[in-house]
Structure formats: structure tokens, C-alpha cells
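Quick look at coords_0.cif (mmCIF, C-alpha atoms):
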```cif
data_protein
#
loop_
_atom_site.label_atom_id
_atom_site.label_comp_id
_atom_site.auth_asym_id
_atom_site.auth_seq_id
_atom_site.Cartn_x
_atom_site.Cartn_y
_atom_site.Cartn_z
CA MET A 48 199.21 284.08 -79.76
CA VAL A 49 199.92 286.09 -76.60
CA LYS A 50 202.30 284.30 -74.24
CA ILE A 51 201.92 285.19 -70.59
CA GLN A 52 204.87 284.76 -68.24
CA ARG A 53 203.67 283.41 -64.88
CA GLU A 54 207.05 283.76 -63.19
CA HIS A 55 205.89 283.04 -59.65
CA LYS A 56 203.64 280.09 -60.38
CA GLY A 57 204.12 277.16 -57.98
CA LYS A 58 206.13 274.06 -58.85
CA GLN A 59 204.57 270.97 -60.36
CA LEU A 60 205.22 268.17 -57.90
CA VAL A 61 205.38 264.46 -58.62
CA ASN A 62 205.17 262.54 -55.35
CA TYR A 63 201.84 261.83 -53.66
CA VAL A 64 201.02 264.05 -50.69
CA SER A 65 198.43 263.20 -48.04
CA GLU A 66 197.17 266.72 -47.30
CA TYR A 67 195.97 268.75 -50.26
CA VAL A 68 193.14 270.67 -51.89
CA VAL A 69 191.50 269.36 -55.06
CA PHE A 70 189.98 272.19 -57.07
CA ASP A 71 188.19 272.56 -60.37
CA LEU A 72 186.87 275.41 -62.46
CA GLU A 73 184.16 275.71 -65.06
CA THR A 74 184.68 278.54 -67.53
CA THR A 75 183.15 280.22 -70.56
CA GLY A 76 185.92 278.76 -72.76
CA VAL A 77 189.51 277.58 -72.82
CA SER A 78 191.36 280.90 -73.13
CA CYS A 79 192.79 282.34 -69.90
CA ILE A 80 192.96 285.70 -71.69
CA LYS A 81 189.49 285.93 -73.22
CA ASP A 82 187.30 283.68 -71.09
CA ALA A 83 185.89 283.91 -67.58
CA ILE A 84 185.32 281.62 -64.60
CA ILE A 85 181.69 280.59 -63.98
CA GLU A 86 182.15 278.03 -61.19
CA ILE A 87 184.78 277.30 -58.54
CA SER A 88 184.78 274.23 -56.32
CA ALA A 89 187.34 272.68 -54.01
CA VAL A 90 187.65 269.94 -51.40
CA LYS A 91 190.23 269.94 -48.61
CA VAL A 92 191.67 266.50 -47.86
CA LYS A 93 193.67 265.09 -44.97
CA GLN A 94 194.84 261.48 -44.90
CA GLY A 95 192.44 260.53 -47.68
CA ASN A 96 189.35 262.11 -46.07
CA ILE A 97 187.50 265.22 -47.21
CA VAL A 98 187.41 267.60 -44.25
CA ASP A 99 186.02 270.77 -45.83
CA THR A 100 184.47 271.97 -49.09
CA PHE A 101 184.09 275.19 -51.07
CA SER A 102 181.77 275.75 -54.02
CA THR A 103 180.15 278.67 -55.79
CA LEU A 104 178.81 279.68 -59.15
CA VAL A 105 180.32 282.90 -60.51
CA ASN A 106 178.62 285.59 -62.58
CA PRO A 107 181.00 286.21 -65.53
CA ALA A 108 179.32 289.52 -66.42
CA ARG A 109 178.89 288.27 -69.97
CA PRO A 110 176.71 285.73 -71.80
CA ILE A 111 177.83 282.12 -71.48
CA PRO A 112 178.50 280.64 -74.94
CA ALA A 113 176.26 277.77 -75.99
CA GLY A 114 179.34 275.58 -76.43
CA ALA A 115 180.29 276.02 -72.76
CA THR A 116 176.75 275.30 -71.59
CA ALA A 117 176.72 272.16 -73.71
CA VAL A 118 179.75 270.90 -71.75
CA ASN A 119 178.98 271.90 -68.17
CA GLY A 120 175.25 272.61 -68.23
CA ILE A 121 175.66 276.06 -66.64
CA THR A 122 173.33 278.67 -68.12
CA ASP A 123 173.01 282.45 -67.96
CA GLU A 124 169.94 282.02 -65.73
CA MET A 125 171.91 279.92 -63.23
CA VAL A 126 174.59 282.59 -62.74
CA ALA A 127 172.33 285.64 -62.95
CA ASP A 128 172.22 286.07 -59.16
CA ALA A 129 175.63 284.51 -58.46
CA PRO A 130 178.46 286.63 -57.00
CA TYR A 131 181.09 288.14 -59.26
CA LEU A 132 184.64 286.82 -59.19
CA HIS A 133 185.93 289.77 -57.17
CA ASP A 134 183.40 288.89 -54.47
CA VAL A 135 184.45 285.24 -54.03
CA LEU A 136 188.05 284.82 -55.17
CA GLY A 137 189.45 286.05 -51.86
CA GLU A 138 187.37 283.48 -49.98
CA PHE A 139 188.62 280.74 -52.29
CA LEU A 140 192.25 281.80 -51.83
CA GLU A 141 191.75 281.77 -48.07
CA PHE A 142 190.29 278.26 -48.35
CA ILE A 143 193.28 276.84 -50.24
CA GLY A 144 195.84 278.61 -48.05
CA ASP A 145 199.27 277.18 -48.77
CA TYR A 146 198.03 273.64 -49.44
CA VAL A 147 199.32 271.69 -52.42
CA LEU A 148 196.69 271.93 -55.15
CA VAL A 149 195.50 268.83 -57.01
CA GLY A 150 193.49 268.80 -60.23
CA HIS A 151 193.15 267.32 -63.69
CA ASN A 152 194.94 269.29 -66.41
CA ILE A 153 195.49 272.15 -63.99
CA HIS A 154 199.08 272.65 -65.15
CA CYS A 155 198.00 274.63 -68.22
CA PHE A 156 194.39 275.47 -67.40
CA ASP A 157 192.90 275.91 -63.90
CA THR A 158 196.05 277.18 -62.18
CA ASN A 159 196.56 279.74 -64.94
CA PHE A 160 193.00 281.09 -64.60
CA ILE A 161 193.42 281.45 -60.83
CA TYR A 162 196.93 282.88 -61.10
CA ASP A 163 195.86 285.56 -63.57
CA ALA A 164 192.69 286.45 -61.65
CA ALA A 165 194.53 286.84 -58.34
CA LEU A 166 197.22 288.95 -59.99
CA GLU A 167 194.64 291.19 -61.63
CA LEU A 168 192.39 291.63 -58.60
CA TYR A 169 194.94 291.67 -55.77
CA GLY A 170 198.30 292.20 -57.41
CA LYS A 171 199.50 288.90 -55.91
CA PRO A 172 200.04 285.61 -57.78
CA VAL A 173 198.95 282.20 -56.53
CA THR A 174 202.20 280.38 -55.75
CA ASN A 175 200.88 277.05 -54.40
CA ASP A 176 202.74 273.98 -55.63
CA PHE A 177 200.47 271.60 -57.48
CA ILE A 178 200.00 268.03 -58.68
CA ASP A 179 198.33 267.38 -62.03
CA THR A 180 196.45 264.08 -62.13
CA LEU A 181 196.55 264.13 -65.93
CA PHE A 182 200.34 263.72 -65.74
CA MET A 183 199.95 261.10 -63.00
CA ALA A 184 197.47 259.13 -65.08
CA ARG A 185 199.73 259.17 -68.14
CA LYS A 186 202.61 257.91 -66.02
CA CYS A 187 200.67 255.30 -64.01
CA LEU A 188 198.26 254.13 -66.73
CA PRO A 189 200.30 254.23 -69.96
CA LYS A 190 198.13 251.62 -71.67
CA LEU A 191 194.94 253.63 -71.20
CA GLU A 192 193.90 254.99 -74.59
CA HIS A 193 192.65 258.32 -73.22
CA HIS A 194 193.43 260.03 -69.94
CA ARG A 195 190.46 262.34 -69.46
CA LEU A 196 189.17 262.44 -65.90
CA VAL A 197 186.14 260.34 -66.80
CA ASP A 198 188.42 257.75 -68.44
CA VAL A 199 190.56 257.50 -65.33
CA ALA A 200 187.46 257.28 -63.13
CA GLU A 201 186.05 254.50 -65.28
CA TYR A 202 189.33 252.58 -65.01
CA PHE A 203 189.09 252.66 -61.22
CA HIS A 204 185.30 251.97 -61.24
CA ILE A 205 184.61 255.40 -59.76
CA ASN A 206 181.23 256.97 -60.42
CA SER A 207 181.53 259.74 -63.05
CA GLU A 208 177.91 260.85 -62.97
CA GLY A 209 177.62 264.63 -63.07
CA ALA A 210 181.01 265.13 -64.71
CA HIS A 211 181.89 268.68 -65.83
CA ARG A 212 180.32 270.33 -62.82
CA ALA A 213 183.10 271.57 -60.59
CA MET A 214 182.20 269.91 -57.27
CA ASN A 215 181.39 266.57 -58.91
CA ASP A 216 184.76 266.66 -60.70
CA CYS A 217 186.56 267.50 -57.45
CA ILE A 218 185.06 264.53 -55.62
CA MET A 219 185.68 262.22 -58.58
CA ASN A 220 189.25 263.39 -58.97
CA GLN A 221 190.00 263.09 -55.25
CA LYS A 222 189.16 259.40 -55.47
CA CYS A 223 191.21 259.01 -58.65
CA TYR A 224 194.18 260.77 -57.07
CA GLU A 225 194.17 258.39 -54.12
CA GLU A 226 194.14 255.39 -56.47
CA LEU A 227 196.87 256.85 -58.66
CA GLY A 228 198.92 257.46 -55.54
CA LYS A 229 198.82 253.75 -54.78
CA LEU A 230 200.00 252.86 -58.28
CA GLN A 231 202.70 255.51 -58.22
CA LYS A 232 204.52 253.66 -55.42
CA ASN A 233 205.44 250.93 -57.91
CA ILE A 234 206.80 253.30 -60.58
CA GLU A 235 210.36 254.59 -60.56
CA VAL A 236 210.40 258.36 -60.79
CA ILE A 237 213.52 260.49 -60.32
CA ILE A 238 212.61 263.43 -58.10
CA CYS A 239 214.34 266.78 -58.31
CA PRO A 240 216.02 267.33 -54.92
CA LYS A 241 215.56 271.08 -55.20
CA CYS A 242 211.89 271.53 -56.07
CA GLY A 243 210.17 268.13 -55.98
CA GLY A 244 209.45 268.02 -59.69
CA GLU A 245 210.24 265.13 -62.00
CA MET A 246 213.67 264.80 -63.57
CA VAL A 247 213.29 263.96 -67.25
CA LYS A 248 215.92 262.69 -69.67
CA ARG A 249 217.14 265.24 -72.20
CA THR A 250 219.89 265.49 -74.79
CA GLY A 251 222.36 268.37 -74.77
CA LYS A 252 225.69 269.40 -76.18
CA PHE A 253 227.53 266.79 -74.15
CA GLY A 254 225.01 263.98 -74.47
CA GLU A 255 222.09 262.79 -72.34
CA PHE A 256 221.33 264.23 -68.90
CA TYR A 257 218.41 264.65 -66.51
CA GLY A 258 216.79 268.07 -66.31
CA CYS A 259 214.01 269.26 -64.02
CA SER A 260 210.54 269.34 -65.57
CA ASN A 261 209.96 272.69 -63.82
CA TYR A 262 212.58 274.41 -66.02
CA PRO A 263 213.15 277.36 -66.30
CA SER A 264 212.00 278.10 -62.74
CA CYS A 265 214.18 275.20 -61.59
CA ARG A 266 217.40 274.53 -63.53
CA HIS A 267 218.68 271.53 -61.59
CA THR A 268 220.39 268.85 -63.70
CA MET A 269 221.85 265.41 -63.00
CA LYS A 270 224.07 263.02 -64.88
CA CYS A 271 222.38 260.01 -66.39
CA ARG A 272 222.88 256.83 -64.40
#
```

Exercise: express the given structure as C-alpha cells:
Amino acid sequence: MVKIQREHKGKQLVNYVSEYVVFDLETTGVSCIKDAIIEISAVKVKQGNIVDTFSTLVNPARPIPAGATAVNGITDEMVADAPYLHDVLGEFLEFIGDYVLVGHNIHCFDTNFIYDAALELYGKPVTNDFIDTLFMARKCLPKLEHHRLVDVAEYFHINSEGAHRAMNDCIMNQKCYEELGKLQKNIEVIICPKCGGEMVKRTGKFGEFYGCSNYPSCRHTMKCR
């Protein structure tokens, strides 16, 4: 398996922020190396309210596998006249600016697709810090059997109709993020003072200590209380 070093990728934050961009991608598969983006959507949020939106289908210049269509419903016919990624990625990057990005499972999926695409097309990585609602849900809802976006939405009685289309997932996840933010206030989380990530307990040569979850980009450590 090829391991890609995304040295300038933004930090994964823990604390709720009130101004952010929720984004979601639909792709031809799960490999950032082999697969392509076929839909990009995003919503810009300030103080809990959506103030702007971005959404486009993307022509991947290849057939969409039946397995992908079975998940998101996007067909070759739907993207036949859609713009190519090099025509729309710049507009998307302008839309997100330097906002904190929010998404579900974006830590190892969506942010990697965008990072690699921006690096390939423009020679510049996407360095926005981000918050992954999958991690938030696991922390805030530990008794939930599964933490897929639709599971989290169902827990909060949020409509999940149209799931697996990018804009629908953005709107659904924005509502979930706001609810998770309320729950997070009651959970003790040790925040890294250097990067805003979560300090997690680890065991080293001299016993237990707290290390930043953004290691190796952040190497801050603390003694256990």
C-alpha cells in the first residue's frame, strides 16, 4: 500500500467553533490514489446559520463504477456535461478560504482527496484546520452502536432523507455538529495548548503521559494529572 505524506495538512481540532464550512464529497471509490471526485458540496455557517452554499457535480473523465452509483445515485449520464475538477476546484477553495472545515470522516477521506487534488493542480496543499464529526460522535455518544452520519442524525431526530448526496449530507451534518457541540460542553477534553488538538493518554519509557493527537505534526506532551 502506498503511503502518502501530507506534511502540511491542517490540524484536527477538538473544540466547537461557531464559524466554519461543512463540506462533503462523493467519489468513484474510497482510494485517494485511484479514485476521483464526482460531487463537491459545502455550506458556510456563522453562529449556527447557513449563510452561503457551494455545490457542483464533477466529471471524473472515467466511468463511474456501479458500486459507487449504488451508494450515491450519481450516474455517468448525470456528470456527462458537468465541469471537470480543474474547472471547479479553484472556486471551491476560494469558497472555503481559511475557515475551519467540518465533515464526517474527513480526517482520512475528504480532506485527503482535496489536499491531493489541490497539490496536483496548483502545487499548493489545503492547510485548513478541521473538525471531524465522526470523532465528535464517538466521544459524545459512546453508547451509540454505530457512528455513521445517518446514525448520528437519527439519534438527534434529524431528517436523513437523501443521504449520500453531498449537499444533503452537508446540511444533515451541520445540524448534527451543532447538537454534538452542545453535548461536548459536558465532556472533559484536554486540549493541546499549541495546536488545539486533543491530548490523549499514552504510555512511554517513563510511564503514562499525554501526547497530542496531531503527532507528528505537533509533538506537545504533558504529564498525567

Identify, on the basis of all atoms listed in the file, every residue whose closest approach to Lys229 of chain A does not exceed 12 Å; exclude the query and any residue fewer than 3 positions from it along the same chain; express the result as an MDAnalysis selection string.
chainID A and resid 62:65 95 183:184 187:188 203 222:226 232:234

For segment 148-162 of chain A, take all atoms listed in the file, fit an axis-aligned box around them, add 5 Å to each of the six sides, then output centre and edge lengths in Å rounded to one decimal, as lines of an AutoDock Vina configuration file.
```
center_x = 196.0
center_y = 275.1
center_z = -61.7
size_x = 16.2
size_y = 25.6
size_z = 23.1
```

10 Å contact set for Gly120 of chain A, all atoms listed in the file, chain neighbours under 2 positions out, as a ChimeraX atom specification:
/A:73,113-118,122,125,209,211-212

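Within 9 Å of the file-frame point (208.9, 259.7, -61.9), and using only C-alpha atoms, the polymer residues found are Val61, Asn62, Lys186, Gln231, Ile234, Glu235, Val236, Ile237, Ile238, Gly244, Glu245, Met246 and Val247 of chain A.
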
Output the residue selection produced by the PyMOL selection byres ((chain A and resi 263) around 12) on the file above, formatted as a ChimeraX atom specification.
/A:52-56,58,242,258-262,264-268

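Interatomic distance, atom CA of His193 of chain A to atom CA of Ser88 of chain A: 24.5 Å.
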